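Data block below; observations after.
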Amino acid sequence: MTTVDLRSDTVTKPTAGMREAMFNARIGDDVFGEDESVNELEEKTAAIFGMEAGLYCPSGTMTNQIAIKCFTQPLDELIADQTAHVYRYEGGGIAFNSGVSTRLLNGYRGILTPEMIEPEINAENIHYPRTSLVVLENTVNKGGGSCYTLDQIKPIATLCKAKGLKLHLDGARIFNALAYTGDKAIEYGKYFDGISVCLSKGLGAPVGSVLLADKDTIKYARRIRKVLGGGMRQAGFLAAAGIYALDHHVERLKIDHAHAQIIAEALTRSAAVSNVLPAETNIILFDTVEPADLVLKKLAEYGIHAMSTDKHRIRFVLHLDVHPEQVEHVVRVIRNL
Ligand SMILES: *Cc1c(COP(=O)(O)O)cnc(C)c1O
C-alpha cells in the first residue's frame with residue numbers, strides 16, 4: 001500500500017547523495033574549532049543571509065533559546081506572537097534558560113505589524129520588565145506556513161532599532177518563505193540581529209540548525225551552547241548533510257509548495273472539509289465537518305498519516321519525501337472522503 005507521511009517535514013530521511021556527502025565528510029573536533037565541515041557550514045549559511053558568523057547546533061530549539069539568552073538579561077521581557085514556537089513548543093525554555101517573561105500578541109496567522117508591537121513595548125518604569133527583544137517566525141508554523149515579506153519585516157526592524165530592541169528570526173522554514181515571497185536571503189542580514197536556520201525540516205538533513213548573528217554574539221552563543229551541552233565533537237558528519245541540503249534542496253522547495261496547492265485544491269472541493277486556509281507554502285491547515293480524529297483514522301486506512309491541531313482541524317505538511325504519485329494518491333483519497 002502507498003503510505004504518505006504528512007505529519008511533519010521533520011520526517012524526511014537523507015537521500016543517497018546526502019548519505020554519500022556525510023560518509024565523505026571532512027571532520028575534526030568541533031569544540032576545538034577543528035571540524036572543517038562544521039566551519040564550512042557555519043560560514044556558508046552566514047554568507048547566504050548576509051550575516052557575520054554562524055553556530056551549528058543540534059536543534060532549532062537550541063538556536064532559538066541561545067539567541068534569546070544572547071539578546072536579553074534576566075528580568076527582561078520579549079515580544080512574540082501567541083502562536084510562536086519559542087513560546088509554545090520549547091518547553092518553557094524562555095523563562096528557564098533566560099529568566100525572561102513573554103508578552104504575547106495576536107497577529108493574523110502569526111504575522112505581526114509594527115502597530116501591534118509598539119504599544120506593547122514597556123516604558124522605562126521600575127514596575128515593568130524591560131522589553132529587550134522581538135521574535136518573529138517565518139514561515140509561521142501554527143499559522144499554516146504563512147509568510148512575512150521583507151517589506152513587512154522592514155518597518156518592524158526600524159521600530160526595534162528606534163526603541164533599542166533586538167530582533168530575532170525563528171527561521172525554521174525561512175527557505176520556504178523565500179521561495180514564496182521571492183525575497184533575497186542576503187537582504188535578511190540587514191534587518192535581524194539573530195536568525196535561526198533549520199536544516200532538518202524541508203531541507204532534509206537528519207539533524208541541525210544554524211544560529212546566525214554578528215561575530216561577538218556568536219562568540220558568546222558558543223559559550224551558551226557549551227553550557228547547554230550542545231558542544232559536539234566530530235559533528236562534521238552531520239554538518240556535511242547540512243551543506244548538501246543547502247546546495248541541493250533549496251530550489252526544490254517550490255515542488256512541495258506546488259504539491260500543497262494541488263492537495264489544498266482537492267480539499268476545497270471535499271464535502272468532508274468545511275474550510276481550507278490559504279496554503280502559501282508547504283503546510284495546509286483545514287477544518288473537518290466530522291471530528292478530526294475520525295477523519296485521521298479514515299486517512300490512515302489509506303496509508304495517509306497526518307496530525308490534528310484542534311478538534312476539527314488537521315495539518316498536512318509537504319516535504320522532500322512526498323513524491324508526485326503520493327500526491328495523486330492523497331487527492332484520490334480526499335475525493336472519496
Ligand atoms: C521545528 C521548529 C523549530 C525547532 O525545532 P527543533 O525540533 O528543536 O529543531 C523552531 N521553530 C519552528 C517554527 C519550528 O517549526
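To be explicit about the labels: the chains of the C-alpha cells are called A, B, and onward in the order shown, and within each one the residues are counted from 1, while ligands get numbers from 1 in the order they are shown.
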
Identify, on the basis of only C-alpha atoms, every residue whose closest approach to Arg19 of chain A does not exceed 10 Å; exclude the query and any residue fewer than 6 positions from it along the same chain; express the result as a list in words. Lys13, Ala25, Ala205, Pro206, Phe237, Leu238, Ala240, Ala241 and Tyr244 of chain A

Within 6 Å of ligand 1: each chain A residue with its shortest pair, only C-alpha atoms and all ligand atoms, as a tab-separated table:
```
residue	atom	partner	partner_atom_place_in_ligand_line	distance
A:Ser59	CA	ligand 1	9 (O)	3.8
A:Gly60	CA	ligand 1	4 (C)	3.5
A:Thr61	CA	ligand 1	8 (O)	3.6
A:His85	CA	ligand 1	11 (N)	4.9
A:Asn141	CA	ligand 1	13 (C)	5.0
A:Asp170	CA	ligand 1	11 (N)	5.6
A:Ala172	CA	ligand 1	12 (C)	4.8
```

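As for atom CA of Val135 of chain A and atom CA of Ser200 of chain A, they are spaced 20.9 Å apart.
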
Just want the 9 Å neighbourhood of Asn336 of chain A, counted on only C-alpha atoms, with same-chain residues fewer than 4 positions away dropped. Output as number ranges by chain.
A: 270, 331-332

query: If we count only C-alpha atoms, what is near Val330 of chain A at a cut-off of 8 Å, once residues fewer than 3 positions away on the same chain are taken out, given as a list in words?
result: Val4, Ile263, Ile304, Gln326, Val327, Val333 and Ile334 of chain A

With C-alpha atoms retained, write the just-selected residues as a compact mmCIF listing (two decimals), in the first residue's frame.
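selection_28.txt written:
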```txt
# COMPACT_ATOMS: atom_id res chain seq x y z
CA VAL A 4 2.24 9.09 2.76
CA ILE A 263 -3.93 18.96 -2.27
CA ILE A 304 -2.07 8.74 4.80
CA GLN A 326 1.81 10.04 -3.45
CA VAL A 327 0.21 13.45 -4.05
CA VAL A 333 -8.49 9.59 -1.20
CA ILE A 334 -9.75 13.12 -0.49
```

What's the 6 Å shell around Gln234 of chain A, counting only C-alpha atoms, without same-chain residues fewer than 2 positions away, as a PDB file with N, CA, C and O atoms, in the first residue's frame?
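File produced: selection-v9.pdb:
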```
ATOM      1  N   ILE A  27      36.258  15.891   8.874  1.00  0.00           N
ATOM      2  CA  ILE A  27      35.857  16.076  10.275  1.00  0.00           C
ATOM      3  C   ILE A  27      37.030  16.420  11.183  1.00  0.00           C
ATOM      4  O   ILE A  27      38.193  16.269  10.796  1.00  0.00           O
ATOM      5  N   GLY A  28      36.703  16.868  12.381  1.00  0.00           N
ATOM      6  CA  GLY A  28      37.692  17.170  13.419  1.00  0.00           C
ATOM      7  C   GLY A  28      36.916  17.426  14.702  1.00  0.00           C
ATOM      8  O   GLY A  28      35.704  17.232  14.735  1.00  0.00           O
ATOM      9  N   ASP A  29      37.594  17.884  15.736  1.00  0.00           N
ATOM     10  CA  ASP A  29      36.888  18.147  16.995  1.00  0.00           C
ATOM     11  C   ASP A  29      36.323  19.560  16.967  1.00  0.00           C
ATOM     12  O   ASP A  29      37.072  20.535  17.060  1.00  0.00           O
ATOM     13  N   GLY A 236      30.994  17.064  12.018  1.00  0.00           N
ATOM     14  CA  GLY A 236      31.073  17.276  10.567  1.00  0.00           C
ATOM     15  C   GLY A 236      30.277  16.269   9.754  1.00  0.00           C
ATOM     16  O   GLY A 236      29.822  16.581   8.651  1.00  0.00           O
TER      17      GLY A 236
END
```

Can you tell me which residues surround segment 74-84 of chain A at a distance of at most 7 Å, considering only C-alpha atoms, apart from same-chain residues fewer than 2 positions away, and format the answer as a short mmCIF file (atom, residue, chain, number, x, y, z; two decimals) with N, CA, C and O atoms, in the first residue's frame?
```cif
data_model
loop_
_atom_site.label_atom_id
_atom_site.label_comp_id
_atom_site.auth_asym_id
_atom_site.auth_seq_id
_atom_site.Cartn_x
_atom_site.Cartn_y
_atom_site.Cartn_z
N THR A 72 18.98 39.05 25.69
CA THR A 72 18.22 39.53 26.86
C THR A 72 19.06 39.41 28.12
O THR A 72 20.09 38.73 28.14
N VAL A 86 8.82 29.56 19.91
CA VAL A 86 9.70 29.81 21.07
C VAL A 86 8.90 29.80 22.38
O VAL A 86 9.44 29.46 23.43
N TYR A 87 7.62 30.15 22.30
CA TYR A 87 6.78 30.19 23.49
C TYR A 87 6.04 28.87 23.71
O TYR A 87 6.02 28.33 24.80
N ARG A 88 5.42 28.36 22.62
CA ARG A 88 4.53 27.21 22.77
C ARG A 88 5.22 25.87 22.82
O ARG A 88 4.73 24.94 23.46
N SER A 98 16.57 31.82 30.28
CA SER A 98 16.94 33.24 30.23
C SER A 98 16.31 34.06 31.34
O SER A 98 16.67 35.23 31.51
N GLY A 99 15.37 33.50 32.09
CA GLY A 99 14.72 34.27 33.16
C GLY A 99 13.97 35.46 32.63
O GLY A 99 13.95 36.54 33.23
N VAL A 100 13.33 35.25 31.48
CA VAL A 100 12.68 36.34 30.75
C VAL A 100 11.18 36.05 30.65
O VAL A 100 10.78 34.90 30.50
N SER A 101 10.34 37.11 30.76
CA SER A 101 8.90 36.92 30.57
C SER A 101 8.54 37.19 29.11
O SER A 101 9.33 37.77 28.36
N THR A 102 7.34 36.74 28.73
CA THR A 102 6.94 36.82 27.33
C THR A 102 5.64 37.60 27.20
O THR A 102 4.66 37.30 27.89
N ARG A 103 5.62 38.60 26.33
CA ARG A 103 4.40 39.34 26.02
C ARG A 103 3.88 38.80 24.69
O ARG A 103 4.56 38.89 23.66
N LEU A 104 2.66 38.22 24.73
CA LEU A 104 2.14 37.56 23.54
C LEU A 104 1.14 38.45 22.82
O LEU A 104 0.26 39.03 23.44
N LEU A 105 1.26 38.53 21.51
CA LEU A 105 0.35 39.33 20.69
C LEU A 105 -0.49 38.43 19.80
O LEU A 105 -0.14 37.27 19.56
N ASN A 106 -1.60 38.99 19.32
CA ASN A 106 -2.49 38.25 18.44
C ASN A 106 -2.33 38.71 17.00
O ASN A 106 -3.08 39.56 16.52
N GLY A 107 -1.37 38.16 16.31
CA GLY A 107 -1.17 38.51 14.91
C GLY A 107 -2.18 37.81 14.03
O GLY A 107 -2.96 36.96 14.51
N GLY A 110 -0.30 34.58 12.85
CA GLY A 110 1.05 34.67 13.42
C GLY A 110 1.88 35.83 12.91
O GLY A 110 3.02 36.01 13.34
N LEU A 112 2.88 39.63 12.65
CA LEU A 112 2.78 40.86 13.45
C LEU A 112 3.06 42.10 12.59
O LEU A 112 3.70 42.00 11.55
N PRO A 129 8.86 44.93 33.48
CA PRO A 129 10.04 44.27 32.90
C PRO A 129 10.53 45.09 31.70
O PRO A 129 9.74 45.74 31.02
N ARG A 130 11.83 45.06 31.49
CA ARG A 130 12.41 45.82 30.38
C ARG A 130 12.23 45.03 29.08
O ARG A 130 12.71 43.89 28.97
N THR A 131 11.52 45.61 28.12
CA THR A 131 11.35 44.94 26.84
C THR A 131 12.67 45.04 26.07
O THR A 131 13.19 46.14 25.87
N SER A 132 13.21 43.88 25.68
CA SER A 132 14.52 43.95 25.01
C SER A 132 14.60 43.19 23.70
O SER A 132 15.57 43.31 22.97
N LEU A 133 13.55 42.42 23.38
CA LEU A 133 13.67 41.55 22.20
C LEU A 133 12.30 41.31 21.54
O LEU A 133 11.30 41.14 22.24
N VAL A 134 12.29 41.30 20.22
CA VAL A 134 11.12 40.86 19.46
C VAL A 134 11.52 39.61 18.68
O VAL A 134 12.61 39.57 18.09
N VAL A 135 10.67 38.59 18.71
CA VAL A 135 10.94 37.36 17.96
C VAL A 135 9.86 37.19 16.89
O VAL A 135 8.66 37.17 17.20
N LEU A 136 10.27 37.08 15.65
CA LEU A 136 9.36 36.78 14.55
C LEU A 136 9.62 35.36 14.07
O LEU A 136 10.71 34.83 14.24
N GLU A 137 8.61 34.77 13.44
CA GLU A 137 8.75 33.42 12.89
C GLU A 137 8.39 33.51 11.40
O GLU A 137 7.38 34.11 11.05
N LYS A 142 2.35 27.50 13.19
CA LYS A 142 0.97 27.37 13.61
C LYS A 142 0.03 28.27 12.80
O LYS A 142 -1.18 28.12 12.87
#
```

From segment 148-303 of chain A, collect each residue whose DSSP state is helix (DSSP H, G or I) and return the set as a ChimeraX atom specification. /A:150-163,174-181,185-190,215-227,236-248,253-268,292-301

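For the pair atom CA of Gly91 of chain A and atom CA of His305 of chain A, the interatomic distance is 25.3 Å.
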
Give me the residues near Phe192 of chain A as a count of residues only, where near means some atom within 8 Å (using only C-alpha atoms) and where sequence neighbours in that chain fewer than 2 positions away do not count. 10

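Here atom CA of Tyr108 of chain A and atom CA of Glu280 of chain A stand 14.0 Å from one another.
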
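Of the listed residues (A:Met116, A:Ile284, A:Leu55, A:Ala260), A:Leu55 comes nearest to Gly33 of chain A; the distances count only C-alpha atoms.
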
Write down as a PyMOL selection string the residues of segment 28-227 of chain A whose backbone DSSP state falls under strand (DSSP E). chain A and resi 53-57+76-81+101-105+130-137+166-171+194-198+209-213

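Take the candidates A:Val11, A:Ile48, A:Ala264, A:Ala16 and check each one against Ile186 of chain A using only C-alpha atoms; the shortest distance goes to A:Ile48.
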
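Of the residues under consideration (A:Gly231, A:Asn39, A:Phe49, A:Thr113), A:Phe49 shows the shortest atom-to-atom contact distance to Asp183 of chain A when counting only C-alpha atoms.
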
Residue with the minimum atom-to-atom distance to Asn64 of chain A, picked from A:Lys44, A:Arg225, A:Lys311, A:His319 with only C-alpha atoms counted, is A:Arg225
